[in-house]
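See structure below.
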Amino acid sequence: MSGLRIAVPKGAIFDDALAALAEAGLPVEVLRDNGRRLFYRTEETEFIVSRPSDVPVFVEHGAADVGIVGKDVLEEQRPNVMELMDLGTGACRMILAAPGEEAEEVRRAVSHAEVVRVATKFPNTARRYFESLGRQVEIIELHGSVELAPLVGLSDCIVDLAATGSTLRENDLVVLDEISFSTARLIANRGAYRLNHSEVAALARAMQGCQRG
Amino acid sequence: METPRKFTTTPGTRDVLPPESTRLLDVQAKILERFRMHGFREVITPSLEYSEVVEEPKMRDASFKLFDPDNQMLLLRPEMTTPIARLVAQRLSNSPPPHKLSYSLPVYRRASVGRGQSAEFHQAGVEVVGSRSPGEDAGTIALLVDTLESVGLRDFVVVLGQTAFYEGYLKRVAPEAAPELLAALAAKDLVRVDEISETLPAGARGVREIARLVGAAKDGSILEAATGYAEGEAAGALNNLEEILAHLDACGRLGSVMLDLGLIGRHNYYTGAVYEVYAAGLGFTVANGGRYDNLLRRFGEALPATGFAISLERLLSVLPHEAPSPVLVLIGDTVEATRIAGDLRSSDVPVLHLAEDLTPEAAARYAKSVDASWVCYPAPDGLKLARPDGEFVLVAADEVARRVLG
């Protein structure tokens, strides 16, 4: 595992990612200091910490050799990277949801092929989902607090990630459909996968071993 | 009064100025010279093609499209392999194959902006059309390695796979799952490959394992492991790969090759050997190639073919910068200065003659702006020569050539 630069996502998956890397024997303690540093260099490994949606960008360009990121981000961006492993952690669902009182109306509108307005952080995922239903929608792209949109009339419904579902419940949103399931994945730059193959394979094996064990 | 419009280049495109333009043209010239050395002959196809020429949906989606006066949809070529396939079928059917053709031309893609390429970039490559021989596959790979080394690339690897090996194995062991598995591998989704392999019977271990066979070509263990899965068509494909490696070994190129039996290239495109070149310091491929025996039948000539394309801008981004060739700026608006400029050029000194009257300071600034390494003024008994911002020394005309050219 020496000589690799690993991109770790801030936010929901951060702790699970660190745990997986730690179990695989990597010196992640340095990342737990909760500081504002984004680039950490230990004796053998380098770590960078970035927003989840940026992890594939660093990896695709080779600025990081490997990275940990949710399948939802990979589905949305479709980066040109190797997807090596399912870490099994960070489980969440991509869902279609609407406010409780409007849920039936939205369901009816969609089934009647009416154009509904969807707020989402995942415009490509949302578009593909509705296309698979043969439906056209108006997509409003937001970057956070997507649950707010239908509550203030910005959209009829949302396509968003839900883990426990508590945020949805707290905002009186009801799940209309489950679009996909997402877990954390290990990805690698295509060049690093081959040029550093023994290190990348060793990392994947070590992380896999911890999963099974 | 109207404000004048500010012109910019369209998104994803840019003007290329010296020294970048000089480096691009120099590298291009060296590459074409290597191609000629291996007997390839250059072709130039039109930038515009009928849209039907490009069939692959992803490639077509990525193309700039326009309409001709007859309302036919045209596109700016997104790559060179299909135009050359069209050219061979249309123009070379009376010549004996194999046709060994080369090119270095700009290609155009809409979607690559922001992913490491501009909308317009240069590809230099070759195609061998009309031979199935593994000797030709090896020959193109060897040419690729030779070319990259000759332009100064040092730290790179050719990752080589064999599409027909995995396909042959799947045909025998898991034919129903084959389309989904091949789509997953083409998308580099090893997780999906593993997921599917778990639903298959125990005898289909290779579905998962073949994709893990990655290692140096010189290391026999990869091929040894692969032999365990080589039955039926897969055996023939593995033999083909071994022959290619034997040819590469014979010309001393095996050291640059890594095997990756999980590399199958673009979905439904390559039919045999497939390869990608990665250089240290760049996360994207510098060159791609492989055998694509099914392409030309669309154009009426079912000829086998193999070839590669080098992406020149990406190559330049990992090449060491060479020192620019020396240029001398000669200042003077006299007839004498014009004569001197001509004389110096006859002695092979590159001269930029400014038929103006400039102070040494202005001359130095100008020389630096054009990357010129020398400034020169005619004098009554010789030439005054200096580095920009340096001290002038009086030298004889023939001494100037010696000093500038080194």
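Ligands are numbered from 1 in the order shown, chains are lettered A, B, ... in the order of the structure tokens, and residues start at 1 in each chain.
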message: Let's see if you can do this: from backbone DSSP, list all strand (DSSP E or B) residues in segment 23-175 of chain A, as number ranges by chain.
response: A: 39-41, 46-50, 66-70, 82-86, 92-99, 116-120, 137-141, 157-162, 173-175
Generate a file of the selected residues that holds N, CA and C atoms, formatted as a CSV table (one decimal), in the first residue's frame.
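Generated file (selection.csv):
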```
chain,number,residue,atom,x,y,z
A,39,PHE,N,-4.6,18.0,2.7
A,39,PHE,CA,-3.6,17.1,2.1
A,39,PHE,C,-2.6,16.6,3.2
A,40,TYR,N,-2.6,15.3,3.4
A,40,TYR,CA,-1.8,14.7,4.4
A,40,TYR,C,-0.7,13.8,3.8
A,41,ARG,N,0.5,13.9,4.3
A,41,ARG,CA,1.5,13.1,3.7
A,41,ARG,C,2.2,12.3,4.9
A,46,GLU,N,-0.2,9.1,0.9
A,46,GLU,CA,-0.7,10.4,0.9
A,46,GLU,C,-2.3,10.4,1.0
A,47,PHE,N,-2.9,11.3,1.7
A,47,PHE,CA,-4.3,11.4,1.7
A,47,PHE,C,-4.8,12.8,1.3
A,48,ILE,N,-5.8,12.8,0.5
A,48,ILE,CA,-6.5,14.1,0.3
A,48,ILE,C,-7.9,14.0,0.7
A,49,VAL,N,-8.5,15.1,1.3
A,49,VAL,CA,-9.8,15.1,1.7
A,49,VAL,C,-10.6,16.1,0.9
A,50,SER,N,-11.7,15.6,0.3
A,50,SER,CA,-12.4,16.5,-0.6
A,50,SER,C,-13.9,16.3,-0.5
A,66,VAL,N,-6.3,6.4,-5.9
A,66,VAL,CA,-7.5,5.7,-5.6
A,66,VAL,C,-8.4,6.6,-4.8
A,67,GLY,N,-9.7,6.3,-4.6
A,67,GLY,CA,-10.6,7.1,-3.8
A,67,GLY,C,-11.7,6.3,-3.3
A,68,ILE,N,-12.4,6.8,-2.3
A,68,ILE,CA,-13.6,6.1,-1.8
A,68,ILE,C,-14.7,7.1,-2.0
A,69,VAL,N,-15.8,6.6,-2.6
A,69,VAL,CA,-16.9,7.5,-2.9
A,69,VAL,C,-18.2,6.6,-3.1
A,70,GLY,N,-19.3,7.3,-2.9
A,70,GLY,CA,-20.6,6.5,-3.0
A,70,GLY,C,-21.0,6.2,-4.4
A,82,MET,N,-11.7,3.0,-12.8
A,82,MET,CA,-11.9,1.6,-12.5
A,82,MET,C,-12.7,1.6,-11.2
A,83,GLU,N,-13.8,0.8,-11.1
A,83,GLU,CA,-14.6,0.6,-9.9
A,83,GLU,C,-14.2,-0.8,-9.4
A,84,LEU,N,-13.4,-0.8,-8.3
A,84,LEU,CA,-12.8,-2.0,-7.8
A,84,LEU,C,-13.5,-2.8,-6.8
A,85,MET,N,-14.2,-2.1,-5.9
A,85,MET,CA,-14.7,-2.8,-4.7
A,85,MET,C,-15.9,-2.1,-4.2
A,86,ASP,N,-16.9,-2.9,-3.6
A,86,ASP,CA,-18.0,-2.4,-2.9
A,86,ASP,C,-17.6,-2.6,-1.4
A,92,CYS,N,-27.3,3.8,1.5
A,92,CYS,CA,-28.4,4.7,1.4
A,92,CYS,C,-29.2,4.4,0.1
A,93,ARG,N,-30.4,5.0,0.0
A,93,ARG,CA,-31.2,4.8,-1.2
A,93,ARG,C,-31.4,6.1,-1.9
A,94,MET,N,-31.5,6.1,-3.2
A,94,MET,CA,-31.9,7.2,-4.0
A,94,MET,C,-33.4,7.1,-4.2
A,95,ILE,N,-34.1,8.1,-3.7
A,95,ILE,CA,-35.6,8.0,-3.7
A,95,ILE,C,-36.2,9.2,-4.4
A,96,LEU,N,-37.5,8.9,-4.8
A,96,LEU,CA,-38.4,10.0,-5.3
A,96,LEU,C,-39.3,10.2,-4.1
A,97,ALA,N,-39.4,11.5,-3.7
A,97,ALA,CA,-40.3,11.8,-2.6
A,97,ALA,C,-41.1,13.1,-2.9
A,98,ALA,N,-42.2,13.2,-2.2
A,98,ALA,CA,-43.0,14.4,-2.3
A,98,ALA,C,-43.7,14.7,-0.9
A,99,PRO,N,-44.1,15.9,-0.7
A,99,PRO,CA,-44.8,16.2,0.6
A,99,PRO,C,-46.0,15.3,0.8
A,116,VAL,N,-43.9,17.0,-14.4
A,116,VAL,CA,-43.7,17.5,-13.0
A,116,VAL,C,-42.3,18.1,-12.9
A,117,ARG,N,-42.2,18.9,-11.8
A,117,ARG,CA,-41.0,19.6,-11.6
A,117,ARG,C,-40.3,18.9,-10.4
A,118,VAL,N,-39.0,18.5,-10.7
A,118,VAL,CA,-38.2,17.7,-9.7
A,118,VAL,C,-37.0,18.5,-9.3
A,119,ALA,N,-36.9,18.7,-8.0
A,119,ALA,CA,-35.6,19.3,-7.5
A,119,ALA,C,-34.7,18.2,-7.0
A,120,THR,N,-33.4,18.4,-7.4
A,120,THR,CA,-32.4,17.3,-7.1
A,120,THR,C,-31.0,17.8,-7.1
A,137,VAL,N,-39.6,15.4,-17.4
A,137,VAL,CA,-39.7,16.2,-16.2
A,137,VAL,C,-38.9,17.5,-16.4
A,138,GLU,N,-39.3,18.4,-15.5
A,138,GLU,CA,-38.5,19.7,-15.5
A,138,GLU,C,-37.6,19.5,-14.3
A,139,ILE,N,-36.3,19.6,-14.5
A,139,ILE,CA,-35.3,19.4,-13.4
A,139,ILE,C,-34.8,20.7,-12.9
A,140,ILE,N,-34.9,20.9,-11.6
A,140,ILE,CA,-34.3,22.0,-10.9
A,140,ILE,C,-33.1,21.5,-10.1
A,141,GLU,N,-31.9,22.0,-10.5
A,141,GLU,CA,-30.7,21.5,-9.8
A,141,GLU,C,-30.4,22.4,-8.6
A,157,CYS,N,-41.7,17.6,-6.4
A,157,CYS,CA,-41.1,16.4,-5.7
A,157,CYS,C,-39.6,16.5,-5.8
A,158,ILE,N,-39.0,15.6,-5.1
A,158,ILE,CA,-37.5,15.6,-5.1
A,158,ILE,C,-37.0,14.2,-5.5
A,159,VAL,N,-35.7,14.2,-6.0
A,159,VAL,CA,-35.0,12.9,-6.1
A,159,VAL,C,-33.7,13.2,-5.3
A,160,ASP,N,-33.6,12.4,-4.2
A,160,ASP,CA,-32.5,12.6,-3.3
A,160,ASP,C,-32.1,11.4,-2.6
A,161,LEU,N,-31.0,11.4,-1.9
A,161,LEU,CA,-30.4,10.3,-1.1
A,161,LEU,C,-31.0,10.3,0.2
A,162,ALA,N,-31.4,9.1,0.7
A,162,ALA,CA,-31.9,8.9,2.0
A,162,ALA,C,-31.2,7.8,2.7
A,173,LEU,N,-42.0,14.5,4.2
A,173,LEU,CA,-41.9,14.0,2.8
A,173,LEU,C,-42.1,12.5,2.8
A,174,VAL,N,-42.8,12.0,1.8
A,174,VAL,CA,-43.1,10.6,1.7
A,174,VAL,C,-42.4,10.0,0.5
A,175,VAL,N,-41.9,8.8,0.7
A,175,VAL,CA,-41.2,8.1,-0.4
A,175,VAL,C,-42.2,7.6,-1.4
```
field: Selection: 10 Å around Phe284 of chain B, only C-alpha atoms, excl. self and same-chain fewer than 2 positions, as a PyMOL selection string
entry: (chain A and resi 60-62+80-81+189-192) or (chain B and resi 115-117+276-282+286-287+314)
Any chance you can output those residues with C-alpha atoms as a PDB file, in the first residue's frame?
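Once everything was written out, this is selection.pdb:
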```pdb
ATOM      1  CA  GLU A  60     -10.079  10.412 -12.981  1.00  0.00           C
ATOM      2  CA  HIS A  61      -7.366  13.009 -13.582  1.00  0.00           C
ATOM      3  CA  GLY A  62      -4.802  10.986 -11.659  1.00  0.00           C
ATOM      4  CA  ASN A  80     -13.817   7.219 -16.448  1.00  0.00           C
ATOM      5  CA  VAL A  81     -12.303   5.272 -13.528  1.00  0.00           C
ATOM      6  CA  ASN A 189      -7.334   5.865 -11.732  1.00  0.00           C
ATOM      7  CA  ARG A 190      -6.937   3.708 -14.854  1.00  0.00           C
ATOM      8  CA  GLY A 191      -3.225   4.432 -15.142  1.00  0.00           C
ATOM      9  CA  ALA A 192      -2.512   3.956 -11.421  1.00  0.00           C
TER      10      ALA A 192
ATOM     11  CA  ARG B 115     -12.152  15.950 -18.831  1.00  0.00           C
ATOM     12  CA  GLY B 116      -8.583  16.630 -19.888  1.00  0.00           C
ATOM     13  CA  GLN B 117      -9.077  17.461 -23.552  1.00  0.00           C
ATOM     14  CA  GLU B 276      -3.689   1.647 -23.852  1.00  0.00           C
ATOM     15  CA  VAL B 277      -0.567   3.656 -23.079  1.00  0.00           C
ATOM     16  CA  TYR B 278      -0.209   5.365 -19.682  1.00  0.00           C
ATOM     17  CA  ALA B 279       2.624   7.747 -18.846  1.00  0.00           C
ATOM     18  CA  ALA B 280       3.792   8.722 -15.385  1.00  0.00           C
ATOM     19  CA  GLY B 281       2.276  12.033 -14.373  1.00  0.00           C
ATOM     20  CA  LEU B 282      -0.933  11.744 -16.436  1.00  0.00           C
ATOM     21  CA  VAL B 286      -1.597   8.962 -24.101  1.00  0.00           C
ATOM     22  CA  ALA B 287      -2.428   6.487 -26.859  1.00  0.00           C
ATOM     23  CA  ARG B 314      -1.641  14.705 -23.825  1.00  0.00           C
TER      24      ARG B 314
END
```
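Rounded to one decimal, atom CA of Ala302 of chain B and atom CA of Arg266 of chain B lie 20.2 Å from each other.
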query: Residues of chain B within 12 Å of chain A, using only C-alpha atoms, as a count of residues only?
result: 53
Within 12 Å of Arg41 of chain B using only C-alpha atoms, minus same-chain residues under 3 positions, as a compact mmCIF listing (two decimals) with C-alpha atoms, in the first residue's frame:
```txt
# COMPACT_ATOMS: atom_id res chain seq x y z
CA LEU B 32 5.37 11.21 -38.89
CA GLU B 33 9.03 10.56 -39.63
CA ARG B 34 8.95 7.40 -37.46
CA PHE B 35 5.80 6.26 -39.22
CA ARG B 36 7.52 6.71 -42.59
CA MET B 37 10.51 4.76 -41.32
CA HIS B 38 8.15 1.81 -40.76
CA ILE B 44 -5.42 13.35 -45.19
CA HIS B 99 -2.80 -1.03 -46.53
CA LYS B 100 -0.42 0.69 -44.14
CA LEU B 101 -1.67 4.21 -43.64
CA SER B 102 -0.72 6.97 -41.22
CA TYR B 103 -2.06 10.40 -40.29
CA SER B 104 -1.66 13.36 -37.97
CA GLY B 125 -1.74 7.26 -35.67
CA VAL B 126 -1.58 4.36 -38.05
CA GLU B 127 -3.89 1.68 -39.39
CA VAL B 128 -2.94 -1.65 -40.95
```
Could you pull the residues within 10 Å of Gly228 of chain B, counting only C-alpha atoms, minus those fewer than 4 positions along the same chain, as a PDB file with N, CA and C atoms, in the first residue's frame?
```pdb
ATOM      1  N   GLY B 206     -13.468 -18.141 -13.754  1.00  0.00           N
ATOM      2  CA  GLY B 206     -12.695 -17.239 -14.602  1.00  0.00           C
ATOM      3  C   GLY B 206     -13.367 -15.906 -14.846  1.00  0.00           C
ATOM      4  N   ILE B 210     -10.256 -13.776 -14.449  1.00  0.00           N
ATOM      5  CA  ILE B 210      -9.546 -13.282 -15.635  1.00  0.00           C
ATOM      6  C   ILE B 210      -9.364 -11.771 -15.550  1.00  0.00           C
ATOM      7  N   LEU B 223       0.289 -15.342 -17.976  1.00  0.00           N
ATOM      8  CA  LEU B 223      -0.101 -16.239 -19.068  1.00  0.00           C
ATOM      9  C   LEU B 223      -0.360 -17.639 -18.538  1.00  0.00           C
ATOM     10  N   GLU B 224       0.456 -18.032 -17.538  1.00  0.00           N
ATOM     11  CA  GLU B 224       0.270 -19.347 -16.942  1.00  0.00           C
ATOM     12  C   GLU B 224      -1.114 -19.458 -16.321  1.00  0.00           C
ATOM     13  N   ALA B 235      -8.782 -20.413 -26.189  1.00  0.00           N
ATOM     14  CA  ALA B 235      -7.438 -20.942 -26.419  1.00  0.00           C
ATOM     15  C   ALA B 235      -6.798 -20.261 -27.616  1.00  0.00           C
TER      16      ALA B 235
END
```
